[in-house]
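Q: So I've got this file, work.txt, and it contains compact mmCIF, C-alpha atoms:
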```txt
# COMPACT_ATOMS: atom_id res chain seq x y z
CA MET A 30 74.76 39.88 98.88
CA HIS A 31 76.68 41.87 101.45
CA ILE A 32 78.61 39.52 103.75
CA VAL A 33 80.44 40.46 106.94
CA ASN A 34 83.31 38.00 107.46
CA ILE A 35 84.80 37.96 110.98
CA MET A 36 88.01 36.54 112.45
CA PHE A 37 90.00 37.84 115.42
CA SER A 38 93.16 35.76 115.27
CA ALA A 39 96.36 37.79 114.97
CA GLN A 40 98.60 34.93 113.83
CA ALA A 41 99.12 33.36 110.40
CA GLY A 42 98.03 29.81 109.63
CA GLY A 43 95.55 27.60 107.84
CA ILE A 44 92.41 29.05 109.44
CA GLU A 45 93.60 32.56 108.74
CA GLN A 46 94.28 31.68 105.10
CA ALA A 47 90.80 30.15 104.83
CA PHE A 48 89.33 33.42 106.14
CA VAL A 49 91.11 35.39 103.41
CA ASP A 50 90.02 32.85 100.80
CA TYR A 51 86.37 33.33 101.84
CA CYS A 52 86.79 37.06 101.23
CA GLU A 53 88.46 36.55 97.85
CA GLY A 54 86.03 33.84 96.72
CA LEU A 55 82.85 35.75 97.61
CA GLN A 56 84.22 38.95 96.15
CA GLY A 57 85.03 37.05 92.96
CA ARG A 58 81.37 35.94 92.80
CA GLY A 59 80.35 39.61 92.74
CA HIS A 60 79.36 39.98 96.39
CA ARG A 61 80.30 42.81 98.71
CA VAL A 62 82.53 41.59 101.54
CA THR A 63 83.38 43.46 104.73
CA ALA A 64 86.13 41.86 106.83
CA VAL A 65 86.25 42.43 110.60
CA THR A 66 89.63 41.59 112.12
CA HIS A 67 92.01 42.30 114.96
CA PRO A 68 94.07 45.47 114.31
CA ALA A 69 97.30 43.43 114.40
CA ALA A 70 95.99 40.50 112.33
CA ALA A 71 98.57 39.04 109.96
CA VAL A 72 95.86 38.74 107.29
CA ASN A 73 95.22 42.48 107.08
CA ALA A 74 97.93 42.97 104.44
CA GLN A 75 96.39 40.20 102.29
CA LEU A 76 92.96 41.77 102.61
CA LYS A 77 94.26 45.15 101.52
CA ALA A 78 95.88 43.48 98.50
CA LEU A 79 92.38 42.28 97.57
CA GLY A 80 91.07 45.82 97.85
CA ILE A 81 89.30 45.09 101.15
CA LYS A 82 89.90 47.59 103.95
CA PRO A 83 89.30 45.61 107.16
CA VAL A 84 87.22 46.96 110.02
CA SER A 85 89.46 46.74 113.10
CA LEU A 86 88.01 45.56 116.39
CA ARG A 87 90.00 44.80 119.53
CA ASN A 88 88.60 42.36 122.05
CA MET A 89 89.55 40.74 125.34
CA GLY A 90 88.01 37.36 124.56
CA GLU A 91 84.68 35.85 123.61
CA PHE A 92 82.74 37.44 126.47
CA ASP A 93 84.03 41.00 126.02
CA ALA A 94 80.89 43.14 126.46
CA VAL A 95 82.54 46.26 125.02
CA ALA A 96 83.62 44.37 121.89
CA VAL A 97 80.06 43.01 121.52
CA TRP A 98 78.65 46.54 121.73
CA ARG A 99 81.14 47.84 119.17
CA LEU A 100 80.53 44.94 116.80
CA ARG A 101 76.77 45.48 117.07
CA ARG A 102 77.24 49.14 116.09
CA HIS A 103 79.30 48.07 113.07
CA LEU A 104 76.65 45.56 112.01
CA HIS A 105 73.88 48.16 112.28
CA ARG A 106 75.95 50.51 110.12
CA LEU A 107 76.89 47.83 107.57
CA ALA A 108 73.44 46.15 107.38
CA PRO A 109 74.76 42.84 105.97
CA ASP A 110 72.67 40.04 104.50
CA ALA A 111 74.63 37.51 106.58
CA VAL A 112 77.49 37.29 109.05
CA ILE A 113 80.20 34.60 108.84
CA ALA A 114 82.38 33.99 111.90
CA HIS A 115 85.54 31.86 111.94
CA THR A 116 86.59 30.24 115.27
CA THR A 117 84.54 30.06 118.46
CA ARG A 118 85.63 33.45 119.79
CA SER A 119 84.45 35.24 116.66
CA CYS A 120 81.24 33.24 116.57
CA THR A 121 80.42 33.88 120.24
CA LEU A 122 81.01 37.63 119.94
CA ALA A 123 79.03 37.73 116.68
CA HIS A 124 76.16 35.77 118.27
CA TYR A 125 75.74 38.33 121.04
CA ALA A 126 76.26 41.26 118.67
CA ALA A 127 73.83 40.03 116.00
CA ALA A 128 71.22 39.02 118.59
CA GLY A 129 69.04 37.44 115.92
CA ARG A 130 68.96 40.55 113.71
CA TRP A 131 71.14 38.98 111.00
CA PRO A 132 71.69 35.33 110.04
CA LEU A 133 74.92 34.00 111.55
CA VAL A 134 77.13 31.25 110.13
CA GLY A 135 79.89 29.70 112.22
CA VAL A 136 82.80 28.04 110.41
CA ALA A 137 84.12 24.98 112.26
CA HIS A 138 87.77 24.45 111.37
CA ASN A 139 88.76 22.03 114.13
CA TYR A 140 87.60 19.72 116.92
CA HIS A 141 87.65 21.97 119.97
CA LYS A 142 84.79 21.24 122.33
CA ARG A 143 84.18 24.99 122.45
CA ILE A 144 82.66 24.57 118.98
CA ARG A 145 79.58 23.67 121.03
CA ARG A 146 79.02 27.44 121.22
CA MET A 147 78.34 27.43 117.48
CA THR A 148 75.10 25.55 118.13
CA ALA A 149 73.49 28.98 118.55
CA ALA A 150 74.39 29.96 114.97
CA ASP A 151 71.85 29.72 112.17
CA ALA A 152 74.21 27.41 110.27
CA VAL A 153 77.60 25.77 110.67
CA PHE A 154 80.05 25.24 107.82
CA THR A 155 82.45 22.30 108.29
CA THR A 156 85.61 21.68 106.29
CA THR A 157 85.37 17.85 106.25
CA HIS A 158 82.75 15.12 106.48
CA ASP A 159 84.39 13.93 109.68
CA LEU A 160 83.72 17.35 111.23
CA ILE A 161 80.08 17.04 110.20
CA HIS A 162 79.73 14.03 112.49
CA PHE A 163 81.58 15.86 115.27
CA VAL A 164 79.33 18.93 115.03
CA LYS A 165 76.19 16.77 114.89
CA GLY A 166 77.39 15.10 118.07
CA LEU A 167 77.48 18.50 119.76
CA GLY A 168 73.80 19.01 119.00
CA VAL A 169 73.73 20.99 115.74
CA PRO A 170 70.76 19.80 113.62
CA GLU A 171 71.80 18.17 110.34
CA ASP A 172 69.81 20.63 108.22
CA ARG A 173 71.94 23.49 109.60
CA ILE A 174 75.28 21.87 108.70
CA TYR A 175 76.99 22.45 105.34
CA HIS A 176 80.16 20.81 104.05
CA ILE A 177 82.36 23.64 102.77
CA PRO A 178 86.00 22.57 102.32
CA ASN A 179 88.93 24.92 102.40
CA MET A 180 90.10 26.18 99.04
CA VAL A 181 93.24 26.96 97.07
CA ARG A 182 94.28 29.20 94.18
CA CYS A 183 94.55 26.99 91.13
CA HIS A 184 95.78 27.90 87.65
CA GLU A 185 97.48 25.48 85.25
CA LEU A 186 99.53 22.42 86.15
CA PRO A 187 103.11 23.73 86.31
CA HIS A 188 105.77 22.10 84.21
CA ARG A 189 108.21 20.24 86.41
CA GLY A 190 111.66 19.46 85.10
CA ALA A 191 113.66 16.32 85.76
CA PRO A 192 113.73 15.15 89.40
CA ASN A 193 116.51 16.51 91.60
CA ARG A 194 119.62 14.40 92.04
CA PRO A 195 119.57 13.54 94.85
CA SER A 196 115.81 13.76 95.37
CA VAL A 197 114.43 16.41 97.73
CA ILE A 198 111.75 15.47 100.29
CA GLY A 199 109.83 18.31 101.91
CA SER A 200 107.43 18.98 104.77
CA MET A 201 106.32 22.06 106.66
CA GLY A 202 103.98 23.33 109.35
CA ARG A 203 103.84 24.48 112.95
CA PHE A 204 106.31 22.60 115.14
CA VAL A 205 103.82 21.12 117.60
CA LYS A 206 103.44 17.47 118.63
CA LYS A 207 100.20 16.82 116.73
CA LYS A 208 101.96 17.57 113.41
CA GLY A 209 104.01 14.37 113.74
CA PHE A 210 107.32 15.81 112.55
CA ASP A 211 109.17 13.44 114.88
CA VAL A 212 107.64 10.63 112.79
CA TYR A 213 108.87 12.37 109.62
CA ILE A 214 112.42 12.55 110.99
CA GLU A 215 112.34 8.89 112.05
CA ALA A 216 111.14 7.91 108.55
CA LEU A 217 113.98 9.91 106.98
CA LYS A 218 116.41 8.05 109.22
CA MET A 219 114.99 4.74 107.97
CA LEU A 220 115.42 5.84 104.35
CA MET A 221 119.02 6.82 105.05
CA GLU A 222 119.70 3.45 106.69
CA ARG A 223 118.35 1.76 103.55
CA HIS A 224 120.99 3.70 101.56
CA TYR A 225 118.60 5.98 99.66
CA ARG A 226 120.26 9.19 98.50
CA PHE A 227 118.19 12.31 99.23
CA THR A 228 118.08 15.65 100.96
CA ALA A 229 115.14 16.88 103.05
CA ILE A 230 113.53 20.13 104.17
CA LEU A 231 111.39 20.80 107.25
CA GLY A 232 109.96 24.32 107.10
CA GLY A 233 108.23 26.04 109.98
CA ALA A 234 108.78 26.96 113.62
CA GLY A 235 107.21 26.38 117.00
CA GLU A 236 107.58 24.98 120.49
CA GLU A 237 109.04 21.63 119.33
CA GLU A 238 111.83 23.15 117.23
CA LYS A 239 114.69 22.37 119.63
CA ASN A 240 113.48 18.80 120.15
CA LEU A 241 113.16 18.19 116.41
CA LYS A 242 116.62 19.56 115.68
CA ARG A 243 118.10 17.41 118.46
CA GLN A 244 116.31 14.35 117.06
CA ALA A 245 117.60 15.07 113.55
CA ALA A 246 121.17 15.44 114.79
CA ALA A 247 120.97 12.23 116.86
CA ALA A 248 119.62 10.40 113.79
CA GLY A 249 122.66 11.45 111.75
CA LEU A 250 120.63 13.70 109.44
CA GLY A 251 122.70 16.81 110.07
CA ASP A 252 123.95 17.06 106.48
CA ILE A 253 120.68 15.84 104.96
CA LEU A 254 117.79 17.65 106.70
CA THR A 255 117.62 21.46 106.75
CA PHE A 256 115.37 23.70 108.86
CA PRO A 257 114.86 26.94 106.86
CA GLY A 258 112.21 28.42 109.18
CA TRP A 259 108.83 29.60 107.91
CA ILE A 260 108.50 29.20 104.15
CA ALA A 261 107.76 32.59 102.57
CA ASP A 262 107.93 31.52 98.92
CA LYS A 263 105.65 28.51 98.83
CA LYS A 264 105.70 28.23 95.05
CA HIS A 265 109.47 27.81 95.10
CA PHE A 266 109.22 25.30 97.94
CA TYR A 267 106.64 23.04 96.29
CA THR A 268 108.24 23.15 92.85
CA HIS A 269 111.71 22.53 94.31
CA VAL A 270 110.85 19.39 96.32
CA ASP A 271 110.23 16.04 94.61
CA MET A 272 107.60 14.96 97.11
CA PHE A 273 105.68 16.49 100.01
CA CYS A 274 105.02 14.65 103.27
CA LEU A 275 102.25 15.44 105.73
CA PRO A 276 102.90 13.20 108.79
CA SER A 277 100.24 14.71 111.10
CA LEU A 278 98.87 12.71 114.01
CA HIS A 279 95.86 15.04 114.01
CA GLU A 280 95.01 17.26 111.02
CA PRO A 281 91.52 18.80 110.83
CA PHE A 282 92.02 19.72 107.16
CA GLY A 283 95.49 20.38 105.75
CA ILE A 284 95.57 23.27 103.27
CA VAL A 285 99.22 22.36 102.61
CA LEU A 286 97.93 19.23 100.84
CA LEU A 287 95.97 21.34 98.37
CA GLU A 288 98.98 23.62 97.88
CA ALA A 289 101.11 20.58 97.00
CA PHE A 290 98.37 19.33 94.66
CA VAL A 291 98.19 22.56 92.64
CA HIS A 292 101.97 22.70 92.28
CA GLY A 293 102.14 19.19 90.86
CA THR A 294 104.05 17.82 93.85
CA PRO A 295 103.53 14.11 94.69
CA VAL A 296 102.18 13.63 98.22
CA VAL A 297 102.53 11.11 101.04
CA ALA A 298 100.23 11.80 103.99
CA SER A 299 99.03 10.21 107.20
CA ASP A 300 95.45 8.99 107.43
CA SER A 301 94.50 11.75 109.90
CA GLU A 302 91.10 13.42 109.59
CA GLY A 303 91.67 16.00 106.83
CA PRO A 304 93.93 13.97 104.51
CA ARG A 305 91.56 10.99 104.86
CA ASP A 306 88.75 13.22 103.58
CA ILE A 307 90.72 14.76 100.71
CA ILE A 308 92.84 11.90 99.38
CA THR A 309 91.81 8.94 97.25
CA PRO A 310 94.58 6.49 98.24
CA ASN A 311 96.91 5.31 95.45
CA PHE A 312 95.08 7.55 92.96
CA ASP A 313 96.08 11.10 93.87
CA ALA A 314 98.41 10.50 96.85
CA LEU A 315 99.74 7.78 99.13
CA LEU A 316 98.08 7.44 102.53
CA VAL A 317 99.80 5.79 105.51
CA LYS A 318 98.88 5.01 109.09
CA ALA A 319 99.27 8.06 111.33
CA GLY A 320 102.22 7.70 113.67
CA SER A 321 103.89 4.92 111.69
CA ALA A 322 107.41 5.91 110.66
CA SER A 323 107.93 2.57 108.92
CA GLU A 324 104.86 3.03 106.69
CA LEU A 325 105.85 6.62 105.94
CA ALA A 326 109.38 5.55 105.00
CA ALA A 327 108.02 2.74 102.78
CA ALA A 328 105.70 5.16 100.96
CA MET A 329 108.47 7.69 100.41
CA ALA A 330 110.72 4.92 99.10
CA LYS A 331 107.95 3.83 96.73
CA LEU A 332 107.77 7.30 95.18
CA LEU A 333 111.55 7.48 94.92
CA ASP A 334 111.63 4.07 93.22
CA GLU A 335 108.65 4.69 90.90
CA PRO A 336 108.84 8.18 89.33
CA ASN A 337 106.06 7.32 86.86
CA LEU A 338 103.72 6.55 89.76
CA ALA A 339 104.71 9.81 91.43
CA GLY A 340 103.88 11.70 88.23
CA ASP A 341 100.50 10.02 87.83
CA LEU A 342 99.55 10.77 91.44
CA ALA A 343 100.52 14.42 91.02
CA THR A 344 98.51 14.80 87.81
CA ASN A 345 95.39 13.25 89.35
CA ALA A 346 95.81 15.38 92.46
CA PHE A 347 95.98 18.58 90.40
CA VAL A 348 92.75 17.68 88.59
CA LYS A 349 91.03 17.04 91.93
CA ALA A 350 92.24 20.35 93.36
CA LYS A 351 91.08 22.32 90.35
CA THR A 352 87.70 20.57 90.18
CA SER A 353 86.76 20.39 93.85
CA TYR A 354 88.95 22.80 95.85
CA SER A 355 89.68 25.83 93.68
CA ILE A 356 88.58 29.19 95.07
CA GLU A 357 86.08 29.51 92.23
CA SER A 358 84.38 26.16 92.82
CA VAL A 359 84.26 26.42 96.63
CA ALA A 360 83.06 30.05 96.48
CA GLU A 361 80.11 28.87 94.41
CA ARG A 362 79.29 26.31 97.14
CA ILE A 363 79.52 29.03 99.80
CA GLU A 364 77.20 31.26 97.77
CA LYS A 365 74.58 28.51 97.43
CA ALA A 366 74.79 27.63 101.12
CA LEU A 367 74.50 31.28 102.19
CA THR A 368 71.48 31.77 99.92
CA ALA A 369 69.76 28.81 101.58
CA VAL A 370 70.67 30.03 105.08
CA ILE A 371 69.38 33.55 104.40
CA LEU A 372 66.11 32.31 102.87
CA ARG A 373 65.48 29.97 105.82
CA TRP A 374 66.29 32.73 108.30
CA ARG A 375 63.93 35.18 106.58
CA PHE A 376 61.16 32.57 106.52
CA ARG A 377 61.54 31.96 110.26
CA ASN A 378 61.66 35.65 111.04
```
In structure tokens, what does this structure look like?

A:
Amino acid sequence: MHIVNIMFSAQAGGIEQAFVDYCEGLQGRGHRVTAVTHPAAAVNAQLKALGIKPVSLRNMGEFDAVAVWRLRRHLHRLAPDAVIAHTTRSCTLAHYAAAGRWPLVGVAHNYHKRIRRMTAADAVFTTTHDLIHFVKGLGVPEDRIYHIPNMVRCHELPHRGAPNRPSVIGSMGRFVKKKGFDVYIEALKMLMERHYRFTAILGGAGEEEKNLKRQAAAAGLGDILTFPGWIADKKHFYTHVDMFCLPSLHEPFGIVLLEAFVHGTPVVASDSEGPRDIITPNFDALLVKAGSASELAAAMAKLLDEPNLAGDLATNAFVKAKTSYSIESVAERIEKALTAVILRWRFRN
């Protein structure tokens, strides 16, 4: 198959990584992939590393008539078997550009009401079962919805040496309220007050950075919690920390969970949407009530007190990641779903 994969975000994040993973996974299955991106997209360097030269397309938003015309010209030239569009802007522009000439798949990564615009697509891929219910509620027929989770590169379970002394607790992400990093800091304060010895890392940046640093200082964590900025070397980060915490109040998926899984890092996460879909509680990670600093602190203490439990959780999590979320296994699911979408589209046309 020849697949055109479209995303117009210029930033770097989970959705953008998923877009690149689609390209890598489908290419690894032997399909031809053409990526259409913004000229300044952060993912362009990753695409080039995969041997994919992206087609650049500027746009002024989802109702940019000039961008629609240009995209339509590209599609006529490329003659794909199917078009995949990530985010509502990409899907809306692709819908008008394709105009029924090629089957269109929208990938729903989050809960924005604008996802309603994906109802015009021939199929919608959702990353979690919870998103399936959300998309159905917007009017997408069930037979046009496919559960396609995000994916992660997965090799062999890395050997981890003895735990750090003191232990290192890590978290990272965009510094926005929905990520719950204020809850993380409050939980660290509780651990400190219970006389646990540890250091902590909070990687990332964003609009809440000043507030989080002020909170950490007021909690007396100045010598314990560091803010290194965006984490460039994720392998070093995950293998350096003794546990990873995802305290999100709202998390549509959480690729960072899978990254922790494949690096053999024990995980404590909130029961927000994505983690609730991925984690089997007390088997491959600990799951706590979203927004509860006391539950998060208790779970972190449990892993500090029970290193054997932490090791068992990490081993089970790695097996789950390799079996269900590796690029190879998810790419096979994408291939099967695309084959079904294309056949149904050809039958109807």

Q: Quote the spacing between atom CA of Tyr125 of chain A and atom CA of Leu160 of chain A in Å to one decimal place.

A: 24.5 Å

Q: Using all atoms listed in the file, what residues lie at most 10 Å away from (102.6, 11.9, 90.4) (file coordinates), given as number ranges by chain?

A: A: 271-272, 290, 293-296, 312-314, 332, 335-347

Q: Which one of A:Arg203, A:Lys331, A:Arg194, A:Arg146 sits closest to Val270 of chain A if you count all atoms listed in the file?

A: A:Arg194

Q: Determine, counting all atoms listed in the file, every residue of protein, DNA or RNA that lies within 9 Å of (96.2, 25.2, 98.1) in the file coordinates, then give the result as a list in words.

A: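 Residues found, by chain and rising number: Asn179, Met180, Val181, Arg182, Cys183, Ile284, Val285, Leu286, Leu287, Glu288, Ala289, Phe290, Val291, His292, Ala350, Tyr354 and Ser355 of chain A.
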
Q: Considering all atoms listed in the file, state which residue in the set A:Ile371, A:Thr116, A:Arg377, A:Lys365 is at the smallest distance from Tyr175 of chain A.

A: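 For Tyr175 of chain A, the nearest of the candidates is A:Lys365.
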
Q: Which residue, A:Val62, A:Val49, A:Leu217, A:Ala39, has the smallest gap to Leu76 of chain A when you use only C-alpha atoms?

A: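 Answer, going by the shortest atom-to-atom distance: A:Val49.
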
Q: Please identify all polymer residues within 6 Å of segment 79-91 of chain A, counting all atoms listed in the file, omitting same-chain residues fewer than 2 positions from it, and present them as number ranges by chain.

A: A: 64-68, 76-77, 93, 96, 118, 121-122
